[in-house]
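Peer 1: File work34.cif below, mmCIF, C-alpha atoms:
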data_query
loop_
_atom_site.label_atom_id
_atom_site.label_comp_id
_atom_site.auth_asym_id
_atom_site.auth_seq_id
_atom_site.Cartn_x
_atom_site.Cartn_y
_atom_site.Cartn_z
CA MET A 1 0.00 0.00 0.00
CA ARG A 2 1.16 3.51 -0.85
CA PHE A 3 0.37 6.50 1.34
CA GLY A 4 -0.55 10.01 0.29
CA VAL A 5 -1.64 13.29 1.84
CA MET A 6 -4.43 15.49 0.48
CA HIS A 7 -4.22 19.29 0.69
CA ASP A 8 -7.17 21.60 0.07
CA PHE A 9 -5.51 24.84 1.29
CA ARG A 10 -8.62 26.01 3.13
CA ASN A 11 -8.06 29.12 5.22
CA PRO A 12 -11.33 29.82 7.10
CA LYS A 13 -12.09 33.27 8.48
CA ARG A 14 -12.29 31.93 12.04
CA TRP A 15 -8.62 30.87 11.98
CA HIS A 16 -7.46 32.95 9.03
CA LEU A 17 -3.77 33.44 8.31
CA PRO A 18 -2.45 35.88 5.71
CA SER A 19 -2.65 33.96 2.44
CA ALA A 20 1.05 34.22 1.63
CA VAL A 21 1.99 33.02 5.13
CA PHE A 22 -0.49 30.14 5.02
CA TYR A 23 0.49 28.94 1.55
CA GLN A 24 4.16 29.00 2.45
CA ALA A 25 3.45 26.94 5.59
CA MET A 26 1.60 24.33 3.56
CA ILE A 27 4.35 24.17 0.96
CA GLU A 28 6.83 23.58 3.79
CA GLN A 29 4.56 20.83 5.11
CA THR A 30 4.74 19.14 1.70
CA VAL A 31 8.53 19.30 1.83
CA ALA A 32 8.34 17.70 5.29
CA ILE A 33 6.02 14.86 4.27
CA GLU A 34 8.38 14.00 1.44
CA GLN A 35 11.09 13.62 4.07
CA PHE A 36 8.73 11.54 6.24
CA GLY A 37 8.42 9.01 3.40
CA TYR A 38 4.95 9.61 1.99
CA ASP A 39 4.48 8.57 -1.62
CA HIS A 40 2.03 11.19 -2.87
CA VAL A 41 0.72 14.66 -2.20
CA TRP A 42 -2.74 15.17 -3.68
CA LEU A 43 -4.34 18.54 -4.46
CA THR A 44 -8.06 19.06 -4.48
CA GLU A 45 -10.15 22.03 -5.58
CA HIS A 46 -13.41 23.89 -5.25
CA HIS A 47 -14.37 27.36 -6.39
CA PHE A 48 -15.83 30.47 -4.74
CA THR A 49 -15.99 29.10 -1.16
CA ASP A 50 -15.95 31.31 1.93
CA ASP A 51 -12.92 29.48 3.32
CA ALA A 52 -10.77 30.04 0.21
CA TYR A 53 -10.66 26.39 -0.86
CA ASN A 54 -7.86 26.08 -3.43
CA PRO A 55 -9.33 26.79 -6.89
CA ALA A 56 -6.13 26.16 -8.87
CA SER A 57 -4.86 22.63 -8.30
CA LEU A 58 -2.70 22.44 -11.43
CA SER A 59 -0.94 25.69 -10.60
CA MET A 60 -0.25 24.42 -7.09
CA ALA A 61 1.09 21.16 -8.53
CA ALA A 62 3.66 23.12 -10.52
CA ALA A 63 4.65 25.07 -7.41
CA LEU A 64 5.15 21.91 -5.36
CA ALA A 65 7.06 20.25 -8.17
CA VAL A 66 9.92 22.72 -7.89
CA ARG A 67 10.16 22.33 -4.09
CA THR A 68 10.27 18.52 -4.04
CA SER A 69 12.35 15.80 -5.65
CA ARG A 70 10.82 12.38 -4.90
CA ILE A 71 7.19 12.54 -3.83
CA ARG A 72 4.55 12.17 -6.55
CA ILE A 73 2.11 15.02 -7.04
CA GLY A 74 -1.46 14.59 -8.18
CA THR A 75 -4.93 16.09 -8.31
CA PHE A 76 -7.75 14.61 -6.23
CA VAL A 77 -9.55 15.90 -8.17
CA LEU A 78 -9.35 18.45 -10.97
CA LEU A 79 -12.95 19.50 -11.72
CA LEU A 80 -12.76 18.91 -15.44
CA PRO A 81 -16.05 20.55 -16.55
CA PHE A 82 -14.69 23.94 -15.41
CA ILE A 83 -11.49 24.02 -17.46
CA HIS A 84 -10.88 23.77 -21.20
CA PRO A 85 -9.29 20.35 -21.90
CA VAL A 86 -6.49 21.88 -23.99
CA ARG A 87 -5.62 24.33 -21.21
CA ALA A 88 -5.69 21.46 -18.72
CA ALA A 89 -3.43 19.31 -20.91
CA GLU A 90 -0.87 22.11 -21.24
CA ASP A 91 -0.82 22.68 -17.48
CA VAL A 92 -0.51 18.92 -16.90
CA ILE A 93 2.53 18.82 -19.18
CA LEU A 94 4.12 21.70 -17.26
CA ALA A 95 3.60 19.92 -13.93
CA ASP A 96 4.99 16.70 -15.42
CA ILE A 97 8.10 18.48 -16.72
CA LEU A 98 8.77 20.46 -13.53
CA SER A 99 8.38 17.29 -11.45
CA ASN A 100 10.45 15.22 -13.90
CA GLY A 101 7.67 12.69 -14.38
CA ARG A 102 6.11 12.66 -10.91
CA PHE A 103 2.63 13.94 -11.80
CA ASP A 104 -0.72 12.07 -11.69
CA LEU A 105 -3.93 13.51 -13.13
CA GLY A 106 -7.08 12.78 -11.15
CA VAL A 107 -10.30 14.26 -12.50
CA GLY A 108 -13.91 14.49 -11.40
CA GLN A 109 -17.19 15.76 -12.75
CA GLY A 110 -18.03 18.12 -9.87
CA TYR A 111 -21.30 18.30 -7.97
CA THR A 112 -22.05 21.62 -6.26
CA HIS A 113 -24.87 23.60 -7.82
CA GLU A 114 -23.19 26.89 -6.89
CA GLU A 115 -20.15 26.14 -9.03
CA PHE A 116 -22.12 25.08 -12.09
CA ASP A 117 -24.41 28.10 -11.76
CA ALA A 118 -21.46 30.49 -11.45
CA PHE A 119 -19.73 29.02 -14.50
CA CYS A 120 -23.03 29.00 -16.42
CA ILE A 121 -22.56 25.32 -17.23
CA LYS A 122 -25.44 22.88 -17.17
CA ARG A 123 -24.96 20.43 -14.33
CA SER A 124 -26.68 17.76 -16.43
CA GLU A 125 -23.71 17.90 -18.83
CA ARG A 126 -21.03 17.16 -16.25
CA GLY A 127 -20.63 13.43 -16.96
CA ALA A 128 -20.43 13.99 -20.70
CA ARG A 129 -17.94 16.84 -20.25
CA LEU A 130 -15.77 14.65 -18.02
CA GLN A 131 -15.75 11.76 -20.44
CA GLU A 132 -15.05 13.91 -23.48
CA GLY A 133 -12.38 15.91 -21.64
CA VAL A 134 -10.48 12.79 -20.56
CA GLU A 135 -10.58 11.43 -24.10
CA LEU A 136 -9.20 14.64 -25.59
CA ILE A 137 -6.53 15.10 -22.91
CA ARG A 138 -5.27 11.55 -23.47
CA LYS A 139 -4.97 12.21 -27.18
CA LEU A 140 -3.21 15.53 -26.70
CA LEU A 141 -0.69 14.04 -24.25
CA SER A 142 0.12 10.96 -26.31
CA GLU A 143 -0.43 11.89 -29.97
CA GLU A 144 0.70 14.51 -32.44
CA ARG A 145 -1.56 16.44 -34.81
CA VAL A 146 -4.80 15.83 -32.97
CA THR A 147 -8.11 16.63 -34.64
CA PHE A 148 -11.13 16.18 -32.41
CA GLU A 149 -14.82 16.79 -32.99
CA GLY A 150 -16.51 16.62 -29.63
CA ARG A 151 -19.82 17.84 -28.35
CA PHE A 152 -18.20 20.55 -26.24
CA THR A 153 -14.71 20.94 -27.70
CA GLN A 154 -13.27 20.87 -31.19
CA VAL A 155 -9.60 21.10 -32.15
CA LYS A 156 -7.90 20.86 -35.53
CA ASN A 157 -4.45 19.56 -36.35
CA MET A 158 -3.18 20.38 -32.84
CA THR A 159 0.22 19.42 -31.43
CA LEU A 160 1.06 20.44 -27.89
CA MET A 161 4.61 21.57 -27.20
CA PRO A 162 6.62 20.91 -25.13
CA ARG A 163 5.87 17.24 -24.56
CA GLY A 164 5.54 15.62 -21.14
CA VAL A 165 8.06 13.33 -19.44
CA GLN A 166 5.84 10.29 -18.84
CA THR A 167 4.83 8.17 -21.82
CA PRO A 168 2.41 7.60 -23.35
CA HIS A 169 0.88 10.04 -20.83
CA VAL A 170 0.62 10.76 -17.12
CA PRO A 171 -1.39 8.25 -15.01
CA ILE A 172 -5.09 9.12 -15.15
CA TRP A 173 -7.50 8.66 -12.26
CA ILE A 174 -11.24 9.32 -12.07
CA GLY A 175 -13.03 10.21 -8.85
CA ALA A 176 -16.34 8.46 -8.23
CA ARG A 177 -18.79 7.90 -5.39
CA GLY A 178 -21.75 6.08 -6.93
CA PRO A 179 -22.14 3.01 -9.17
CA LYS A 180 -22.44 5.06 -12.37
CA GLY A 181 -19.16 6.89 -11.74
CA ILE A 182 -17.36 3.74 -10.62
CA THR A 183 -18.45 1.95 -13.77
CA ARG A 184 -17.39 4.90 -15.93
CA ALA A 185 -13.88 4.93 -14.45
CA ALA A 186 -13.40 1.25 -15.31
CA GLU A 187 -14.92 1.59 -18.77
CA MET A 188 -12.53 4.46 -19.53
CA GLY A 189 -9.50 2.50 -18.33
CA ALA A 190 -8.68 4.92 -15.50
CA ASN A 191 -7.51 4.31 -11.95
CA LEU A 192 -10.23 4.89 -9.34
CA MET A 193 -10.41 7.52 -6.59
CA ALA A 194 -13.02 7.00 -3.88
CA THR A 195 -14.02 8.26 -0.46
CA LEU A 196 -16.53 7.37 2.28
CA GLY A 197 -19.13 4.79 1.37
CA PRO A 198 -19.33 1.10 0.44
CA ASP A 199 -16.24 -0.49 -1.05
CA PRO A 200 -16.24 0.37 -4.78
CA ALA A 201 -13.67 -2.31 -5.64
CA PRO A 202 -15.99 -5.22 -6.55
CA LEU A 203 -17.94 -3.23 -9.16
CA TYR A 204 -14.80 -1.51 -10.44
CA LEU A 205 -12.79 -4.72 -10.84
CA GLU A 206 -15.74 -6.58 -12.36
CA THR A 207 -16.19 -3.83 -14.95
CA LEU A 208 -12.48 -3.79 -15.78
CA ARG A 209 -12.62 -7.53 -16.48
CA ALA A 210 -15.78 -7.16 -18.54
CA HIS A 211 -13.90 -4.73 -20.80
CA GLY A 212 -10.92 -7.05 -21.22
CA ARG A 213 -8.63 -5.18 -18.84
CA ASP A 214 -6.25 -6.69 -16.30
CA PRO A 215 -7.24 -5.41 -12.81
CA SER A 216 -3.67 -5.85 -11.56
CA GLN A 217 -2.65 -2.96 -13.82
CA PHE A 218 -5.00 -0.51 -12.09
CA LYS A 219 -5.02 1.27 -8.74
CA ILE A 220 -7.72 2.15 -6.23
CA ALA A 221 -7.25 5.15 -3.96
CA GLN A 222 -9.34 5.73 -0.83
CA LEU A 223 -9.51 9.05 1.04
CA ARG A 224 -10.01 9.13 4.82
CA MET A 225 -9.64 11.69 7.59
CA VAL A 226 -6.71 10.84 9.85
CA TYR A 227 -5.24 12.58 12.89
CA CYS A 228 -2.63 11.26 15.33
CA ALA A 229 -1.57 12.71 18.67
CA ASP A 230 0.11 11.46 21.84
CA SER A 231 -3.25 10.87 23.51
CA GLU A 232 -6.81 10.31 22.28
CA ASP A 233 -8.02 13.40 24.15
CA GLN A 234 -5.34 15.54 22.52
CA ALA A 235 -6.18 14.21 19.07
CA TRP A 236 -9.85 15.12 19.42
CA GLU A 237 -9.25 18.45 21.14
CA GLU A 238 -6.88 19.57 18.38
CA SER A 239 -9.02 18.37 15.49
CA GLN A 240 -12.73 18.39 16.33
CA HIS A 241 -13.58 22.02 15.58
CA HIS A 242 -11.66 21.92 12.31
CA LEU A 243 -13.28 18.61 11.36
CA TRP A 244 -16.69 20.10 12.09
CA HIS A 245 -15.95 22.98 9.72
CA VAL A 246 -15.31 20.40 6.99
CA PHE A 247 -18.41 18.33 7.78
CA ASP A 248 -20.61 21.42 7.98
CA TYR A 249 -19.56 22.43 4.46
CA TYR A 250 -20.16 18.99 2.97
CA ARG A 251 -23.42 18.55 4.83
CA GLU A 252 -24.86 21.46 2.88
CA VAL A 253 -23.40 20.82 -0.58
CA LEU A 254 -24.01 17.06 -0.55
CA ALA A 255 -27.59 17.46 0.61
CA THR A 256 -28.22 19.99 -2.14
CA SER A 257 -26.54 17.82 -4.79
CA ASN A 258 -28.07 14.54 -3.52
CA ASP A 259 -26.06 12.43 -5.97
CA VAL A 260 -25.69 9.31 -3.83
CA ALA A 261 -28.17 7.55 -1.57
CA GLY A 262 -28.02 9.07 1.92
CA ASP A 263 -26.59 12.45 0.88
CA ALA A 264 -29.87 14.25 1.53
CA ALA A 265 -29.90 13.19 5.19
CA PRO A 266 -28.08 15.63 7.50
CA TRP A 267 -25.28 14.50 9.79
CA PRO A 268 -26.80 13.27 13.07
CA ILE A 269 -24.98 15.95 15.10
CA THR A 270 -25.09 19.72 15.42
CA ARG A 271 -21.78 20.74 16.98
CA ALA A 272 -18.10 19.81 17.04
CA GLU A 273 -18.07 18.34 20.53
CA GLU A 274 -20.50 15.61 19.44
CA LEU A 275 -18.23 14.23 16.71
CA ARG A 276 -16.17 11.98 18.96
CA ASN A 277 -19.15 9.90 20.10
CA SER A 278 -21.21 10.11 16.93
CA PRO A 279 -21.70 7.48 14.19
CA LEU A 280 -19.38 9.57 12.00
CA ALA A 281 -16.44 8.70 14.26
CA ALA A 282 -16.41 5.13 12.97
CA ASP A 283 -14.96 6.34 9.67
CA LEU A 284 -12.52 8.82 11.24
CA LEU A 285 -9.03 7.58 12.09
CA ILE A 286 -8.51 9.85 15.11
CA GLY A 287 -6.46 9.02 18.19
CA THR A 288 -3.07 7.75 19.27
CA PRO A 289 -0.88 6.02 16.67
CA GLU A 290 -1.89 2.68 18.17
CA GLN A 291 -5.60 3.51 17.90
CA VAL A 292 -5.20 4.79 14.36
CA ALA A 293 -3.29 1.65 13.39
CA ALA A 294 -6.11 -0.52 14.74
CA LYS A 295 -8.67 1.43 12.70
CA LEU A 296 -6.49 1.21 9.62
CA ASP A 297 -6.22 -2.55 10.09
CA THR A 298 -10.02 -2.78 10.11
CA PHE A 299 -10.16 -0.59 7.02
CA CYS A 300 -7.73 -2.87 5.19
CA LYS A 301 -9.93 -5.89 5.95
CA ASN A 302 -13.02 -4.19 4.52
CA TYR A 303 -11.68 -2.30 1.49
CA ARG A 304 -9.47 -3.01 -1.51
CA CYS A 305 -6.99 -0.15 -1.62
CA THR A 306 -3.62 0.37 -3.27
CA ASP A 307 -3.30 4.04 -2.29
CA PHE A 308 -4.42 5.27 1.12
CA ILE A 309 -4.90 9.04 1.03
CA MET A 310 -5.07 11.04 4.24
CA SER A 311 -6.80 14.32 4.93
CA THR A 312 -4.98 15.53 8.04
CA HIS A 313 -4.63 19.28 7.73
CA PHE A 314 -8.28 20.00 8.51
CA ALA A 315 -9.47 23.51 7.64
CA GLY A 316 -7.91 26.11 9.91
CA ILE A 317 -5.77 23.84 12.07
CA ASP A 318 -2.28 25.03 13.01
CA PRO A 319 0.07 23.68 10.29
CA LYS A 320 2.59 22.75 12.98
CA LYS A 321 0.04 20.47 14.62
CA SER A 322 -1.00 18.75 11.40
CA THR A 323 2.65 18.30 10.43
CA ARG A 324 3.30 16.65 13.80
CA SER A 325 0.33 14.33 13.22
CA LEU A 326 1.68 13.34 9.81
CA GLU A 327 5.09 12.67 11.32
CA LEU A 328 3.60 10.43 14.02
CA PHE A 329 1.65 8.46 11.43
CA ALA A 330 4.70 8.06 9.19
CA LYS A 331 6.91 6.82 12.01
CA LYS A 332 4.51 4.71 14.08
CA VAL A 333 1.73 3.55 11.74
CA MET A 334 2.80 3.52 8.12
CA PRO A 335 5.69 1.00 8.23
CA ALA A 336 3.48 -1.90 9.34
CA PHE A 337 1.08 -1.40 6.43
CA ARG A 338 3.51 -1.00 3.56
CA SER A 339 3.13 -4.61 2.47
CA ARG A 340 -0.66 -4.75 2.80
#
Please go through the file and, once you have read it, give me the structure as structure tokens.
Peer 2:
Amino acid sequence: MRFGVMHDFRNPKRWHLPSAVFYQAMIEQTVAIEQFGYDHVWLTEHHFTDDAYNPASLSMAAALAVRTSRIRIGTFVLLLPFIHPVRAAEDVILADILSNGRFDLGVGQGYTHEEFDAFCIKRSERGARLQEGVELIRKLLSEERVTFEGRFTQVKNMTLMPRGVQTPHVPIWIGARGPKGITRAAEMGANLMATLGPDPAPLYLETLRAHGRDPSQFKIAQLRMVYCADSEDQAWEESQHHLWHVFDYYREVLATSNDVAGDAAPWPITRAEELRNSPLAADLLIGTPEQVAAKLDTFCKNYRCTDFIMSTHFAGIDPKKSTRSLELFAKKVMPAFRSR
């Protein structure tokens, strides 16, 4: 199993730091996690949020590429309907060059109504835009003189220069939560990115086989919230209010989007202090390294996963504290799971 860290660069008003100070601290954290032995740093995005959620994941990938030398850098996920596929492909090539072949492209279709409304894009088109965008980006990264007649994008006799480092193209991942998205990722021959919910592996692997693909050649990433401290009380005290900020955001946007069964139901709690003893805690890897390791062991028994991705810098938390948590996990938890 490989281990990665997801950064969203949220900077909420309640705990706000000057943007330049905050971004520099998070870049330094990425340098640190490379030294701790993590395999990946993943960059996610949303647009127009009150807490300044990073809207420019490909730009951040290029920035991190020049500050690191070993760790892979990827998007989890680039919201493909909101960027022109040619522009995305050019930025992907830049990140691949600056990282000397360490870039992974993860894409998703998006879900929040606010984003689609602001971009004046029909939400009903998101799946088609994703599928067409991936097809065109693959061609642009691996072929010369591309002509493409899509529903949303047309190009004629196009050759991107410079060319990327990885051949035939960077690894491509697709984020999915429901059966339709999981099936689409397999049908398109992409690695799968998933988060909370039932294990997507059986449907994904079955669909890969049905399309004549070898499942051993594909990867499944799972995102979970993880926080380690010297005591369980410390772990919850340091993280709970920042976790609640995250859950409060997703409670609203998921309920409004209602893409997957259960999204419309609100979380069964109303304040941060209730998280620790709520049903949500079962999916949160919070506690001492020993407690987190026990929860990770249970996770490994219930999910197929090649890439375990951790959200640890919860919105607004002190970067020094989240860095310490990541160091504890790397030293006291990660080694025992490398061969899983």
Peer 1: Within 6 Å of (-16.0, 17.1, -8.8) in the file's own coordinates, which protein, DNA or RNA residues have an atom, counting all atoms listed in the file? List them as a ChimeraX atom specification.
Peer 2: /A:79,108-111
Peer 1: Take the PyMOL selection byres ((chain A and resi 7) around 7), run it mentally on this structure, and tell me the resulting residues as an MDAnalysis selection string.
Peer 2: chainID A and resid 5:6 8:9 42:44
Peer 1: Rank nothing, just name the residue among A:Lys295, A:His245, A:Arg145, A:Arg224 nearest to Gly197 (chain A), using all atoms listed in the file.
Peer 2: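 Answer, going by the shortest atom-to-atom distance: A:Arg224.
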Peer 1: Using all atoms listed in the file, find the one residue out of A:Arg251, A:Arg271, A:Lys156, A:Lys219 that sits nearest to Gly106 (chain A).
Peer 2: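 Checking each candidate against Gly106 (chain A), we get A:Lys219 as the closest.
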Peer 1: Taking the file as shown, find all residues satisfying the PyMOL selection byres ((chain A and resi 17-26) around 12) and write them as a ChimeraX atom specification.
Peer 2: /A:5-16,27-33,41,43,51-54,60,63-64,67,312-323
Peer 1: Using the chain letters and residue numbers of this document, give as number ranges by chain the residues selected by the PyMOL selection byres ((chain A and resi 129-131) around 9).
Peer 2: A: 79-81, 107-109, 125-128, 132-136, 151-152, 184, 188
Peer 1: Calculated over all atoms listed in the file, which of the candidates A:Asp233, A:Ser311, A:Pro171, A:Lys332 has the smallest distance to Val246 (chain A)?
Peer 2: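 Nearest to Val246 (chain A): A:Ser311.
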Peer 1: Residues within 6 Å of Val260 (chain A), please, as a short mmCIF file (atom, residue, chain, number, x, y, z; two decimals) with C-alpha atoms, in the frame of the given file. Count all atoms listed in the file; anything in the same chain fewer than 2 positions from it doesn't count.
Peer 2:
data_model
loop_
_atom_site.label_atom_id
_atom_site.label_comp_id
_atom_site.auth_asym_id
_atom_site.auth_seq_id
_atom_site.Cartn_x
_atom_site.Cartn_y
_atom_site.Cartn_z
CA GLY A 178 -21.75 6.08 -6.93
CA ASN A 258 -28.07 14.54 -3.52
CA ASP A 263 -26.59 12.45 0.88
#
Peer 1: What does the distance from CA of Phe82 (chain A) to CA of Phe308 (chain A) come to in Å, to one decimal?
Peer 2: 27.0 Å
Peer 1: Would you mind listing what lies within 10 Å of Pro202 (chain A) as a list in words, with only C-alpha atoms counted and same-chain residues fewer than 6 positions away left out?
Peer 2: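 These residues fall inside the cut-off: Ile182, Leu208, Tyr303 and Arg304 of chain A.
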Peer 1: Restricting the calculation to all atoms listed in the file, which member of A:Pro85, A:Gly212, A:Pro289, A:Gly164 is positioned closest to Leu328 (chain A)?
Peer 2: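 Smallest separation from Leu328 (chain A) among the options: A:Pro289.
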Peer 1: Please determine, counting only C-alpha atoms, which residue among A:Ile97, A:Ala210, A:Ala201, A:Val253 has the shortest atom-to-atom distance to His46 (chain A).
Peer 2: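 Of the candidates, the smallest distance to His46 (chain A) is held by A:Val253.
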Peer 1: Kindly give the distance, in Å, that separates CA of Arg102 (chain A) and CA of Arg70 (chain A), rounded to a single decimal.
Peer 2: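 About the pair CA of Arg102 (chain A) and CA of Arg70 (chain A): they are 7.6 Å apart.
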Peer 1: With a distance cut-off of 10 Å and all atoms listed in the file, select the neighbouring residues of Tyr250 (chain A), excluding the residue or stretch itself and same-chain residues fewer than 6 positions from it, and output the selection as JSON, numbers by chain.
Peer 2: {"A": [112, 244, 256, 263, 266, 267]}
Peer 1: Rounded to one decimal in Å, what is the spacing between CA of Asp39 (chain A) and CA of Thr306 (chain A)?
Peer 2: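 Between CA of Asp39 (chain A) and CA of Thr306 (chain A) the gap is 11.6 Å.
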Peer 1: May I have the centre and edge lengths, in Å to one decimal, of an axis-aligned box around the listed atoms of region 169-178 of chain A with 8 Å added to every side, as JSON?
Peer 2:
{"center_x": -10.4, "center_y": 8.4, "center_z": -13.1, "size_x": 38.6, "size_y": 20.7, "size_z": 31.4}
Peer 1: Find the spatial neighbours of Pro279 (chain A), counting all atoms listed in the file, within a cut-off of 12 Å - ignore same-chain residues fewer than 3 positions away - and output them as a compact mmCIF listing (two decimals) with C-alpha atoms, in the coordinates of the input.
Peer 2:
# COMPACT_ATOMS: atom_id res chain seq x y z
CA TRP A 267 -25.28 14.50 9.79
CA PRO A 268 -26.80 13.27 13.07
CA ILE A 269 -24.98 15.95 15.10
CA GLU A 274 -20.50 15.61 19.44
CA LEU A 275 -18.23 14.23 16.71
CA ARG A 276 -16.17 11.98 18.96
CA ALA A 282 -16.41 5.13 12.97
CA ASP A 283 -14.96 6.34 9.67
CA LEU A 284 -12.52 8.82 11.24
